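Below is one structure, written out as structure tokens; comments come after it.
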Amino acid sequence: MKIKILQVGEIQPNILDIIVDNLNKRFKNKFYFGGKIDIPEDSYDKFKNQYNSGVVVKTLKNEKGEDDKVVGITSNDLYYKDLNFVFGLTEENVCIVSTARLDPQFYGNSANFELLINRTLKEVVHEVGHMFGLKHCTNPLCVMSFSSSISYVDDKKDEFCKDCTLKISMEDIRI
Ligand SMILES: [Zn+2]
Ligand SMILES: [Zn+2]
């Protein structure tokens with residue numbers, strides 16, 4: 001199995017290398033960096049000044065090629081249906097994660113690259129969990145718990161809880 005990490009539009013430098021390295025340590029070398037694509041123009045909502053994550057994900061499906069799964073990462077701010085923002089969205093075997101609201105500078109705090117990486121990793125692992133069939137977890141420390149704001153992201157770990165680990169490894173073996 002191969003999972004392609006794609007840069008979608010612009011992103012803060014060096015993030016993707018670090019994320020790919022880290023994912024490969026925990027998921028046994030399945031991830032690779034597959035280059036950059038533009039964020040689809042028709043996903044942009046000029047009234048919200050945000051991008052529709054549903055449209056972005058549909059575009060990513062066309063990038064799948066030989067790969068089993070695709071993870072897009074963007075610094076553009078995303079929304080989904082009635083949710084005024086989302087950190088990420090998964091549909092089947094593709095997902096998108098936005099670093100826009102994971103960046104401390106979004107909340108008026110000073111730049112903190114380590115914190116940005118740490119939060120991005122959590123949200124990428126979360127969406128990867130969804131791609132492997134995991135649903136939201138009620139354990140607030142589990143990476144699969146749903147984060148409705150940044151404080152929930154900071155409160156959870158970057159790992160699956162025991163229950164989710166059991167489910168994802170079963171799923172992984174099946175694939
Ligand atoms: Zn989720
Ligand atoms: Zn869990």
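FYI, nothing fancy with the structure tokens labels: chains A, B, ... in order, residues from 1 per chain, ligands from 1 as they appear.
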
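Each residue with an atom within 8 Å of any atom of ligand 1 appears in the list, which was built counting only C-alpha atoms and all ligand atoms: Gly88, Leu89, Thr90, His126, Glu127, His130, Lys135, His136, Met144, Ser145, Phe146 and Ser147 of chain A.
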
Expected file: the selected residues, N, CA and C atoms, as an mmCIF file, in the first residue's frame:
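Done, and the output landed in selection_2.cif:
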data_model
loop_
_atom_site.group_PDB
_atom_site.id
_atom_site.type_symbol
_atom_site.label_atom_id
_atom_site.label_comp_id
_atom_site.auth_asym_id
_atom_site.auth_seq_id
_atom_site.Cartn_x
_atom_site.Cartn_y
_atom_site.Cartn_z
ATOM 1 N N GLY A 88 -9.911 19.491 8.935
ATOM 2 C CA GLY A 88 -9.670 18.520 7.875
ATOM 3 C C GLY A 88 -10.945 17.810 7.483
ATOM 4 N N LEU A 89 -10.878 17.074 6.383
ATOM 5 C CA LEU A 89 -12.027 16.302 5.906
ATOM 6 C C LEU A 89 -11.522 15.058 5.183
ATOM 7 N N THR A 90 -12.199 13.936 5.458
ATOM 8 C CA THR A 90 -11.869 12.687 4.756
ATOM 9 C C THR A 90 -13.082 12.212 3.992
ATOM 10 N N HIS A 126 -5.377 11.994 12.572
ATOM 11 C CA HIS A 126 -6.837 11.892 12.718
ATOM 12 C C HIS A 126 -7.498 11.548 11.369
ATOM 13 N N GLU A 127 -7.139 12.288 10.336
ATOM 14 C CA GLU A 127 -7.760 12.037 9.025
ATOM 15 C C GLU A 127 -7.295 10.690 8.457
ATOM 16 N N HIS A 130 -9.474 8.144 9.884
ATOM 17 C CA HIS A 130 -10.749 8.063 9.151
ATOM 18 C C HIS A 130 -10.581 7.267 7.858
ATOM 19 N N LYS A 135 -13.985 5.863 13.327
ATOM 20 C CA LYS A 135 -14.940 6.948 13.553
ATOM 21 C C LYS A 135 -14.427 7.799 14.719
ATOM 22 N N HIS A 136 -15.176 8.853 15.051
ATOM 23 C CA HIS A 136 -14.751 9.689 16.167
ATOM 24 C C HIS A 136 -14.815 8.904 17.476
ATOM 25 N N MET A 144 -8.402 10.406 17.706
ATOM 26 C CA MET A 144 -9.640 10.308 16.930
ATOM 27 C C MET A 144 -10.803 11.068 17.575
ATOM 28 N N SER A 145 -10.565 11.747 18.697
ATOM 29 C CA SER A 145 -11.639 12.584 19.241
ATOM 30 C C SER A 145 -11.818 13.798 18.322
ATOM 31 N N PHE A 146 -13.053 14.254 18.200
ATOM 32 C CA PHE A 146 -13.360 15.364 17.289
ATOM 33 C C PHE A 146 -12.956 16.680 17.946
ATOM 34 N N SER A 147 -12.263 17.526 17.207
ATOM 35 C CA SER A 147 -11.836 18.817 17.749
ATOM 36 C C SER A 147 -12.656 19.930 17.112
#

Report as JSON, numbers by chain all protein, DNA and RNA residues lying within 10 Å of stretch 10-23 of chain A, evaluated on only C-alpha atoms, omitting residues in the same chain fewer than 5 positions from it.
{"A": [4, 5, 28, 29, 30, 31, 32, 33, 36, 37, 38, 39, 73, 74, 75, 76, 98, 99, 100, 103, 113, 114, 116, 117, 118, 120, 121, 124, 125, 128]}

With N, CA and C atoms retained, could you export that selection as a PDB file, in the first residue's frame?
ATOM      1  N   LYS A   4       0.054   8.789  -0.723  1.00  0.00           N
ATOM      2  CA  LYS A   4       0.738   9.977  -1.257  1.00  0.00           C
ATOM      3  C   LYS A   4       0.365  11.211  -0.445  1.00  0.00           C
ATOM      4  N   ILE A   5       1.382  11.962  -0.037  1.00  0.00           N
ATOM      5  CA  ILE A   5       1.156  13.258   0.606  1.00  0.00           C
ATOM      6  C   ILE A   5       1.313  14.323  -0.468  1.00  0.00           C
ATOM      7  N   LYS A  28       4.879   2.338   9.333  1.00  0.00           N
ATOM      8  CA  LYS A  28       5.730   1.399   8.584  1.00  0.00           C
ATOM      9  C   LYS A  28       5.968   1.779   7.125  1.00  0.00           C
ATOM     10  N   ASN A  29       6.474   2.968   6.909  1.00  0.00           N
ATOM     11  CA  ASN A  29       6.949   3.386   5.583  1.00  0.00           C
ATOM     12  C   ASN A  29       5.965   3.205   4.443  1.00  0.00           C
ATOM     13  N   LYS A  30       4.867   3.861   4.561  1.00  0.00           N
ATOM     14  CA  LYS A  30       3.886   3.790   3.480  1.00  0.00           C
ATOM     15  C   LYS A  30       3.684   5.130   2.804  1.00  0.00           C
ATOM     16  N   PHE A  31       4.204   6.178   3.429  1.00  0.00           N
ATOM     17  CA  PHE A  31       3.927   7.534   2.944  1.00  0.00           C
ATOM     18  C   PHE A  31       5.077   8.060   2.100  1.00  0.00           C
ATOM     19  N   TYR A  32       4.735   8.855   1.091  1.00  0.00           N
ATOM     20  CA  TYR A  32       5.787   9.541   0.348  1.00  0.00           C
ATOM     21  C   TYR A  32       5.256  10.889  -0.129  1.00  0.00           C
ATOM     22  N   PHE A  33       6.179  11.816  -0.343  1.00  0.00           N
ATOM     23  CA  PHE A  33       5.773  13.141  -0.805  1.00  0.00           C
ATOM     24  C   PHE A  33       5.589  13.102  -2.316  1.00  0.00           C
ATOM     25  N   LYS A  36       3.278  18.947  -5.593  1.00  0.00           N
ATOM     26  CA  LYS A  36       2.357  20.040  -5.283  1.00  0.00           C
ATOM     27  C   LYS A  36       1.286  20.180  -6.355  1.00  0.00           C
ATOM     28  N   ILE A  37       0.055  20.436  -5.947  1.00  0.00           N
ATOM     29  CA  ILE A  37      -0.986  20.822  -6.898  1.00  0.00           C
ATOM     30  C   ILE A  37      -1.577  22.161  -6.428  1.00  0.00           C
ATOM     31  N   ASP A  38      -2.224  22.880  -7.359  1.00  0.00           N
ATOM     32  CA  ASP A  38      -2.910  24.111  -6.976  1.00  0.00           C
ATOM     33  C   ASP A  38      -4.209  23.758  -6.252  1.00  0.00           C
ATOM     34  N   ILE A  39      -4.614  24.631  -5.368  1.00  0.00           N
ATOM     35  CA  ILE A  39      -5.930  24.417  -4.748  1.00  0.00           C
ATOM     36  C   ILE A  39      -6.980  24.734  -5.816  1.00  0.00           C
ATOM     37  N   ILE A  73      -2.356  18.456   2.060  1.00  0.00           N
ATOM     38  CA  ILE A  73      -2.123  19.396   3.169  1.00  0.00           C
ATOM     39  C   ILE A  73      -2.017  20.797   2.569  1.00  0.00           C
ATOM     40  N   THR A  74      -2.772  21.730   3.158  1.00  0.00           N
ATOM     41  CA  THR A  74      -2.817  23.094   2.638  1.00  0.00           C
ATOM     42  C   THR A  74      -2.752  24.085   3.788  1.00  0.00           C
ATOM     43  N   SER A  75      -2.337  25.304   3.487  1.00  0.00           N
ATOM     44  CA  SER A  75      -2.425  26.359   4.515  1.00  0.00           C
ATOM     45  C   SER A  75      -3.677  27.206   4.312  1.00  0.00           C
ATOM     46  N   ASN A  76      -4.457  26.876   3.280  1.00  0.00           N
ATOM     47  CA  ASN A  76      -5.697  27.622   3.042  1.00  0.00           C
ATOM     48  C   ASN A  76      -6.779  27.196   4.038  1.00  0.00           C
ATOM     49  N   SER A  98      -6.000  21.276   6.793  1.00  0.00           N
ATOM     50  CA  SER A  98      -5.596  22.677   6.683  1.00  0.00           C
ATOM     51  C   SER A  98      -4.787  23.094   7.903  1.00  0.00           C
ATOM     52  N   THR A  99      -3.654  23.741   7.651  1.00  0.00           N
ATOM     53  CA  THR A  99      -2.840  24.245   8.762  1.00  0.00           C
ATOM     54  C   THR A  99      -3.270  25.658   9.168  1.00  0.00           C
ATOM     55  N   ALA A 100      -4.256  26.244   8.438  1.00  0.00           N
ATOM     56  CA  ALA A 100      -4.603  27.656   8.671  1.00  0.00           C
ATOM     57  C   ALA A 100      -4.864  27.945  10.146  1.00  0.00           C
ATOM     58  N   ASP A 103      -2.070  27.153  13.105  1.00  0.00           N
ATOM     59  CA  ASP A 103      -0.952  28.076  13.270  1.00  0.00           C
ATOM     60  C   ASP A 103      -1.261  29.049  14.410  1.00  0.00           C
ATOM     61  N   PHE A 113       6.885  27.103  15.467  1.00  0.00           N
ATOM     62  CA  PHE A 113       6.931  26.052  14.458  1.00  0.00           C
ATOM     63  C   PHE A 113       6.674  24.676  15.069  1.00  0.00           C
ATOM     64  N   GLU A 114       7.243  24.467  16.252  1.00  0.00           N
ATOM     65  CA  GLU A 114       7.089  23.165  16.904  1.00  0.00           C
ATOM     66  C   GLU A 114       5.611  22.873  17.208  1.00  0.00           C
ATOM     67  N   LEU A 116       3.041  24.226  15.693  1.00  0.00           N
ATOM     68  CA  LEU A 116       2.358  24.058  14.413  1.00  0.00           C
ATOM     69  C   LEU A 116       2.513  22.624  13.892  1.00  0.00           C
ATOM     70  N   ILE A 117       3.738  22.097  13.980  1.00  0.00           N
ATOM     71  CA  ILE A 117       3.994  20.723  13.531  1.00  0.00           C
ATOM     72  C   ILE A 117       3.205  19.727  14.379  1.00  0.00           C
ATOM     73  N   ASN A 118       3.269  19.942  15.679  1.00  0.00           N
ATOM     74  CA  ASN A 118       2.610  19.052  16.618  1.00  0.00           C
ATOM     75  C   ASN A 118       1.096  18.990  16.343  1.00  0.00           C
ATOM     76  N   THR A 120      -0.403  19.867  13.478  1.00  0.00           N
ATOM     77  CA  THR A 120      -0.638  19.349  12.118  1.00  0.00           C
ATOM     78  C   THR A 120      -0.564  17.831  12.128  1.00  0.00           C
ATOM     79  N   LEU A 121       0.411  17.308  12.857  1.00  0.00           N
ATOM     80  CA  LEU A 121       0.553  15.856  12.943  1.00  0.00           C
ATOM     81  C   LEU A 121      -0.712  15.224  13.523  1.00  0.00           C
ATOM     82  N   VAL A 124      -3.451  15.308  10.900  1.00  0.00           N
ATOM     83  CA  VAL A 124      -3.177  14.376   9.790  1.00  0.00           C
ATOM     84  C   VAL A 124      -3.422  12.939  10.258  1.00  0.00           C
ATOM     85  N   VAL A 125      -2.925  12.588  11.437  1.00  0.00           N
ATOM     86  CA  VAL A 125      -3.146  11.230  11.955  1.00  0.00           C
ATOM     87  C   VAL A 125      -4.645  10.978  12.118  1.00  0.00           C
ATOM     88  N   VAL A 128      -6.046  10.322   8.695  1.00  0.00           N
ATOM     89  CA  VAL A 128      -5.573   9.001   8.265  1.00  0.00           C
ATOM     90  C   VAL A 128      -6.388   7.923   8.968  1.00  0.00           C
TER      91      VAL A 128
END

Do you know which residues are within 12 Å of ligand 2 using only C-alpha atoms and all ligand atoms? Can you write them as a count of residues only?
30

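When only C-alpha atoms are used to measure the gap to A:Lys2, the shortest distance among A:Val55, A:Val94, A:Val70, A:Leu102 belongs to A:Val70.
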
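Distance check against A:Lys69 using only C-alpha atoms: of A:Gly34, A:Gly9, A:Gly54, A:Pro40, the minimum falls on A:Gly34.
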
Expressed in Å to a single decimal, how great is the separation between atom CA of A:Asp155 and atom CA of A:Glu91?
25.3 Å

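If only C-alpha atoms are the atoms counted, then among A:Val57, A:Ile150, A:Ala111, A:Ile96 the closest residue to A:Gln7 is A:Ile96.
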
From a DSSP pass on the backbone, collect the residues of stretch 49-119 of chain A flagged as strand (DSSP E) and hand them back as a PyMOL selection string.
chain A and resi 50-52+69-74+78-80+83-86+88-91+94-98

Write out as a ChimeraX atom specification each polymer residue whose atoms come within 9 Å of A:Tyr51, counting only C-alpha atoms; drop sequence neighbours fewer than 4 positions from it.
/A:39-46,55-56,76-80

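Comparing A:Leu6, A:Met1, A:Val97, A:Val86 by their smallest distance to A:Leu60, the closest is A:Leu6 (using only C-alpha atoms).
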
One-decimal distance in Å that lies between atom CA of A:Leu115 and atom CA of A:Cys95
21.8 Å

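One finds atom CA of A:Gln105 at 21.6 Å from atom CA of A:Leu83.
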
Within chain A, find each residue whose DSSP state, derived from the backbone, is alpha helix (DSSP H), and express the selection as a ChimeraX atom specification.
/A:15-26,53-61,113-131,150-155,162-174
